[in-house]
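Participant: PDB, C-alpha atoms, pLDDT in the B column, saved as work.pdb, coming up:
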```pdb
ATOM      1  CA  MET A   1     -42.819 -51.516  49.223  1.00 73.00           C
ATOM      2  CA  PHE A   2     -41.300 -53.381  46.251  1.00 81.00           C
ATOM      3  CA  LEU A   3     -41.048 -50.179  44.214  1.00 84.00           C
ATOM      4  CA  ARG A   4     -39.146 -48.472  47.015  1.00 79.00           C
ATOM      5  CA  LYS A   5     -36.706 -51.374  47.277  1.00 81.00           C
ATOM      6  CA  LEU A   6     -36.281 -51.372  43.508  1.00 85.00           C
ATOM      7  CA  THR A   7     -35.581 -47.626  43.605  1.00 83.00           C
ATOM      8  CA  VAL A   8     -32.855 -48.117  46.233  1.00 80.00           C
ATOM      9  CA  ILE A   9     -31.221 -50.690  43.961  1.00 83.00           C
ATOM     10  CA  LEU A  10     -31.634 -49.052  40.522  1.00 88.00           C
ATOM     11  CA  VAL A  11     -31.089 -45.317  41.187  1.00 84.00           C
ATOM     12  CA  PRO A  12     -27.373 -45.718  42.084  1.00 84.00           C
ATOM     13  CA  LEU A  13     -26.775 -47.820  38.986  1.00 87.00           C
ATOM     14  CA  GLY A  14     -28.545 -45.260  36.787  1.00 88.00           C
ATOM     15  CA  MET A  15     -26.596 -42.383  38.309  1.00 84.00           C
ATOM     16  CA  LEU A  16     -23.326 -44.234  37.742  1.00 85.00           C
ATOM     17  CA  LEU A  17     -24.215 -44.955  34.118  1.00 88.00           C
ATOM     18  CA  PHE A  18     -25.073 -41.281  33.564  1.00 87.00           C
ATOM     19  CA  LEU A  19     -21.809 -40.168  35.168  1.00 83.00           C
ATOM     20  CA  CYS A  20     -19.696 -42.589  33.126  1.00 84.00           C
ATOM     21  CA  LEU A  21     -21.297 -41.279  29.929  1.00 85.00           C
ATOM     22  CA  LEU A  22     -20.758 -37.708  31.125  1.00 81.00           C
ATOM     23  CA  ILE A  23     -17.052 -38.389  31.706  1.00 79.00           C
ATOM     24  CA  GLN A  24     -16.470 -38.970  28.013  1.00 79.00           C
ATOM     25  CA  LEU A  25     -18.356 -35.802  27.106  1.00 78.00           C
ATOM     26  CA  LEU A  26     -16.528 -33.598  29.631  1.00 71.00           C
ATOM     27  CA  PHE A  27     -13.045 -34.807  28.771  1.00 70.00           C
ATOM     28  CA  SER A  28     -13.501 -34.648  25.032  1.00 72.00           C
ATOM     29  CA  SER A  29     -14.891 -31.116  25.014  1.00 72.00           C
ATOM     30  CA  MET A  30     -12.922 -29.402  27.800  1.00 70.00           C
ATOM     31  CA  ASP A  31      -9.253 -28.837  28.487  1.00 66.00           C
ATOM     32  CA  ALA A  32      -7.063 -30.790  30.897  1.00 58.00           C
ATOM     33  CA  PHE A  33      -7.799 -28.606  33.918  1.00 55.00           C
ATOM     34  CA  PHE A  34     -11.445 -27.610  33.742  1.00 66.00           C
ATOM     35  CA  GLY A  35     -12.668 -31.017  32.576  1.00 67.00           C
ATOM     36  CA  PRO A  36     -11.453 -32.818  35.710  1.00 66.00           C
ATOM     37  CA  LEU A  37     -12.486 -29.852  37.858  1.00 60.00           C
ATOM     38  CA  LEU A  38     -16.046 -29.988  36.587  1.00 70.00           C
ATOM     39  CA  LEU A  39     -16.047 -33.780  36.759  1.00 74.00           C
ATOM     40  CA  GLY A  40     -14.981 -33.691  40.422  1.00 67.00           C
ATOM     41  CA  ALA A  41     -17.740 -31.217  41.200  1.00 66.00           C
ATOM     42  CA  VAL A  42     -20.332 -33.373  39.446  1.00 77.00           C
ATOM     43  CA  LEU A  43     -19.063 -36.503  41.232  1.00 78.00           C
ATOM     44  CA  GLY A  44     -19.330 -34.780  44.618  1.00 69.00           C
ATOM     45  CA  VAL A  45     -22.856 -33.560  43.903  1.00 73.00           C
ATOM     46  CA  MET A  46     -23.958 -36.975  42.666  1.00 79.00           C
ATOM     47  CA  LEU A  47     -22.525 -38.766  45.681  1.00 78.00           C
ATOM     48  CA  SER A  48     -24.270 -36.314  48.004  1.00 69.00           C
ATOM     49  CA  LEU A  49     -27.561 -36.827  46.133  1.00 75.00           C
ATOM     50  CA  LEU A  50     -27.173 -40.592  45.926  1.00 75.00           C
ATOM     51  CA  LEU A  51     -28.886 -41.386  49.201  1.00 71.00           C
ATOM     52  CA  PRO A  52     -31.771 -38.906  49.086  1.00 73.00           C
ATOM     53  CA  LEU A  53     -32.636 -39.929  45.519  1.00 74.00           C
ATOM     54  CA  ALA A  54     -32.472 -43.610  46.469  1.00 70.00           C
ATOM     55  CA  GLY A  55     -34.713 -42.910  49.450  1.00 68.00           C
ATOM     56  CA  ALA A  56     -32.169 -43.797  52.141  1.00 63.00           C
ATOM     57  CA  THR A  57     -31.833 -40.632  54.203  1.00 62.00           C
ATOM     58  CA  ARG A  58     -32.370 -41.504  57.846  1.00 60.00           C
ATOM     59  CA  LEU A  59     -29.652 -42.852  60.119  1.00 60.00           C
ATOM     60  CA  ARG A  60     -31.475 -46.182  60.563  1.00 62.00           C
ATOM     61  CA  GLU A  61     -33.036 -46.469  57.124  1.00 65.00           C
ATOM     62  CA  PRO A  62     -34.841 -49.813  56.807  1.00 71.00           C
ATOM     63  CA  PHE A  63     -33.863 -50.325  53.158  1.00 73.00           C
ATOM     64  CA  ALA A  64     -30.346 -48.878  53.239  1.00 74.00           C
ATOM     65  CA  TRP A  65     -28.873 -52.334  53.593  1.00 77.00           C
ATOM     66  CA  LEU A  66     -30.060 -52.998  50.022  1.00 81.00           C
ATOM     67  CA  LEU A  67     -27.339 -50.674  48.747  1.00 81.00           C
ATOM     68  CA  TRP A  68     -24.964 -53.607  48.884  1.00 85.00           C
ATOM     69  CA  LEU A  69     -26.719 -55.059  45.807  1.00 89.00           C
ATOM     70  CA  PRO A  70     -25.784 -52.298  43.329  1.00 90.00           C
ATOM     71  CA  ALA A  71     -22.356 -52.108  44.988  1.00 86.00           C
ATOM     72  CA  ALA A  72     -21.882 -55.829  44.356  1.00 91.00           C
ATOM     73  CA  VAL A  73     -22.913 -55.385  40.710  1.00 91.00           C
ATOM     74  CA  ILE A  74     -20.385 -52.571  40.328  1.00 87.00           C
ATOM     75  CA  LEU A  75     -17.660 -54.663  41.999  1.00 86.00           C
ATOM     76  CA  LEU A  76     -18.396 -57.516  39.573  1.00 89.00           C
ATOM     77  CA  ILE A  77     -18.086 -55.076  36.674  1.00 86.00           C
ATOM     78  CA  LEU A  78     -14.757 -53.879  38.091  1.00 83.00           C
ATOM     79  CA  LEU A  79     -13.595 -57.493  38.407  1.00 84.00           C
ATOM     80  CA  TYR A  80     -14.493 -58.149  34.775  1.00 83.00           C
ATOM     81  CA  GLN A  81     -12.709 -54.963  33.694  1.00 82.00           C
ATOM     82  CA  PHE A  82      -9.602 -56.126  35.551  1.00 81.00           C
ATOM     83  CA  LEU A  83      -9.761 -59.572  33.940  1.00 81.00           C
ATOM     84  CA  ALA A  84     -10.236 -58.013  30.500  1.00 80.00           C
ATOM     85  CA  TRP A  85      -7.251 -55.750  31.190  1.00 78.00           C
ATOM     86  CA  GLN A  86      -5.259 -58.931  31.879  1.00 79.00           C
ATOM     87  CA  GLN A  87      -6.480 -60.311  28.496  1.00 78.00           C
ATOM     88  CA  ILE A  88      -8.782 -62.877  30.153  1.00 78.00           C
ATOM     89  CA  GLY A  89     -12.381 -63.154  28.976  1.00 67.00           C
ATOM     90  CA  ARG A  90     -12.212 -60.382  26.397  1.00 67.00           C
ATOM     91  CA  ASP A  91     -14.090 -62.433  23.815  1.00 71.00           C
ATOM     92  CA  LEU A  92     -17.446 -62.569  25.599  1.00 71.00           C
ATOM     93  CA  PRO A  93     -19.759 -60.645  23.260  1.00 71.00           C
ATOM     94  CA  VAL A  94     -22.131 -58.867  25.664  1.00 68.00           C
ATOM     95  CA  LEU A  95     -19.555 -58.158  28.359  1.00 71.00           C
ATOM     96  CA  ARG A  96     -17.236 -56.466  25.840  1.00 70.00           C
ATOM     97  CA  LEU A  97     -19.357 -53.351  26.345  1.00 69.00           C
ATOM     98  CA  LEU A  98     -18.107 -53.118  29.928  1.00 74.00           C
ATOM     99  CA  VAL A  99     -14.406 -53.110  29.048  1.00 76.00           C
ATOM    100  CA  THR A 100     -12.735 -49.755  29.499  1.00 75.00           C
ATOM    101  CA  GLY A 101      -9.159 -48.652  29.823  1.00 69.00           C
ATOM    102  CA  ASP A 102     -10.119 -45.232  31.141  1.00 73.00           C
ATOM    103  CA  ALA A 103      -8.894 -44.742  34.700  1.00 74.00           C
ATOM    104  CA  ARG A 104     -11.478 -42.013  35.350  1.00 77.00           C
ATOM    105  CA  ILE A 105     -14.363 -44.432  34.819  1.00 80.00           C
ATOM    106  CA  ILE A 106     -12.738 -47.036  37.053  1.00 80.00           C
ATOM    107  CA  ILE A 107     -12.225 -44.393  39.761  1.00 78.00           C
ATOM    108  CA  THR A 108     -15.850 -43.321  39.495  1.00 81.00           C
ATOM    109  CA  GLU A 109     -17.164 -46.879  39.663  1.00 83.00           C
ATOM    110  CA  SER A 110     -15.033 -47.714  42.675  1.00 82.00           C
ATOM    111  CA  ALA A 111     -16.055 -44.474  44.423  1.00 82.00           C
ATOM    112  CA  PHE A 112     -19.740 -45.313  44.003  1.00 83.00           C
ATOM    113  CA  ALA A 113     -19.240 -48.914  45.154  1.00 83.00           C
ATOM    114  CA  SER A 114     -17.257 -47.984  48.260  1.00 80.00           C
ATOM    115  CA  TYR A 115     -19.689 -45.228  49.197  1.00 80.00           C
ATOM    116  CA  MET A 116     -22.692 -47.544  48.916  1.00 80.00           C
ATOM    117  CA  LEU A 117     -20.978 -50.348  50.857  1.00 80.00           C
ATOM    118  CA  THR A 118     -19.972 -47.962  53.629  1.00 74.00           C
ATOM    119  CA  PHE A 119     -23.456 -46.498  53.905  1.00 75.00           C
ATOM    120  CA  SER A 120     -24.993 -49.952  53.854  1.00 77.00           C
ATOM    121  CA  LEU A 121     -22.832 -51.030  56.764  1.00 75.00           C
ATOM    122  CA  ARG A 122     -23.354 -47.779  58.683  1.00 72.00           C
ATOM    123  CA  THR A 123     -27.139 -47.518  58.504  1.00 70.00           C
ATOM    124  CA  GLY A 124     -28.587 -50.891  57.748  1.00 63.00           C
ATOM    125  CA  LYS A 125     -28.066 -54.455  58.741  1.00 59.00           C
ATOM    126  CA  GLY A 126     -24.827 -54.565  56.803  1.00 49.00           C
ATOM    127  CA  ILE A 127     -23.857 -57.175  54.277  1.00 48.00           C
TER
END
```
Will you turn the file into structure tokens for me?

Facilitator:
Amino acid sequence: MFLRKLTVILVPLGMLLFLCLLIQLLFSSMDAFFGPLLLGAVLGVMLSLLLPLAGATRLREPFAWLLWLPAAVILLILLYQFLAWQQIGRDLPVLRLLVTGDARIIITESAFASYMLTFSLRTGKGI
């Protein structure tokens, strides 16, 4: 039971980390059209696989409401990225790893967070 709940929480975060690392690889090695095209295809596939891999596939999934936890973590990361963009809190040593100026990564993080929050509200108990 605990392992299943942990899977629902950690799989979305792992997929997002993989996708953010893949963004840098795709845009540095491909041109301006096919890089975003392939990235959009990968993002769509990952968002469609997000729920089955996390184990939340039924309409009334008992653990789907736990998707708000990784979404909250991602929203906190986005908040820190915004504050760092405003030159606030840039000197924190560990959190400096989260600072990015790349709009594609911010779009990807916000897409994952909104998708997980929406699914959490639709299938589970909500937030």

Participant: Tell me, in Å to one decimal, how far CA of Leu10 (chain A) is from CA of Thr108 (chain A).

Facilitator: 16.8 Å

Participant: Measure the distance from CA of Ser120 (chain A) to CA of Trp65 (chain A) in Å and round it to one decimal.

Facilitator: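 Between these atoms lies a distance of 4.6 Å.
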
Participant: As a check of understanding, name the residues that the PyMOL selection byres ((chain A and resi 104) around 10) selects in the supplied structure, as a ChimeraX atom specification.

Facilitator: /A:20,23-24,27,36,39,100-103,105-110

Participant: Kindly give the distance, in Å, that separates CA of Phe2 (chain A) and CA of Gly14 (chain A), rounded to a single decimal.

Facilitator: 17.8 Å

Participant: Written as a list in words, which residues does the PyMOL selection byres ((chain A and resi 53) around 12) give for the file shown?

Facilitator: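 That selection, the PyMOL selection byres ((chain A and resi 53) around 12), comes back as Arg4, Thr7, Val8, Ile9, Leu10, Val11, Pro12, Leu13, Gly14, Met15, Val45, Met46, Leu47, Ser48, Leu49, Leu50, Leu51, Pro52, Ala54, Gly55, Ala56 and Thr57 of chain A.
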
Participant: Pick from A:Leu117, A:Val42, A:Met1, A:Leu22: nearest to Ile74 (chain A), with all atoms listed in the file counted?

Facilitator: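 Smallest separation from Ile74 (chain A) among the options: A:Leu117.
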
Participant: Point out the residue among A:Ala113, A:Leu76, A:Leu67, A:Leu121 with the least atom-to-atom distance to Leu95 (chain A), counting all atoms listed in the file.

Facilitator: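 The closest residue to Leu95 (chain A) is A:Leu76.
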
Participant: From the list A:Ser114, A:Leu16, A:Leu25, A:Arg122, which residue is nearest Ala71 (chain A) when using all atoms listed in the file?

Facilitator: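 Counting all atoms listed in the file, the residue closest to Ala71 (chain A) is A:Ser114.
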
Participant: May I have the protein, DNA and RNA residues with an atom at most 12 Å from (-9.9, -57.5, 30.2), counting only C-alpha atoms in the file's coordinates, returned as a list of chain:residue names?

Facilitator: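 Looking at atoms near the point gives A:Ile77, A:Leu78, A:Leu79, A:Tyr80, A:Gln81, A:Phe82, A:Leu83, A:Ala84, A:Trp85, A:Gln86, A:Gln87, A:Ile88, A:Gly89, A:Arg90, A:Asp91, A:Leu92, A:Leu95, A:Arg96, A:Leu97, A:Leu98, A:Val99, A:Thr100, A:Gly101.
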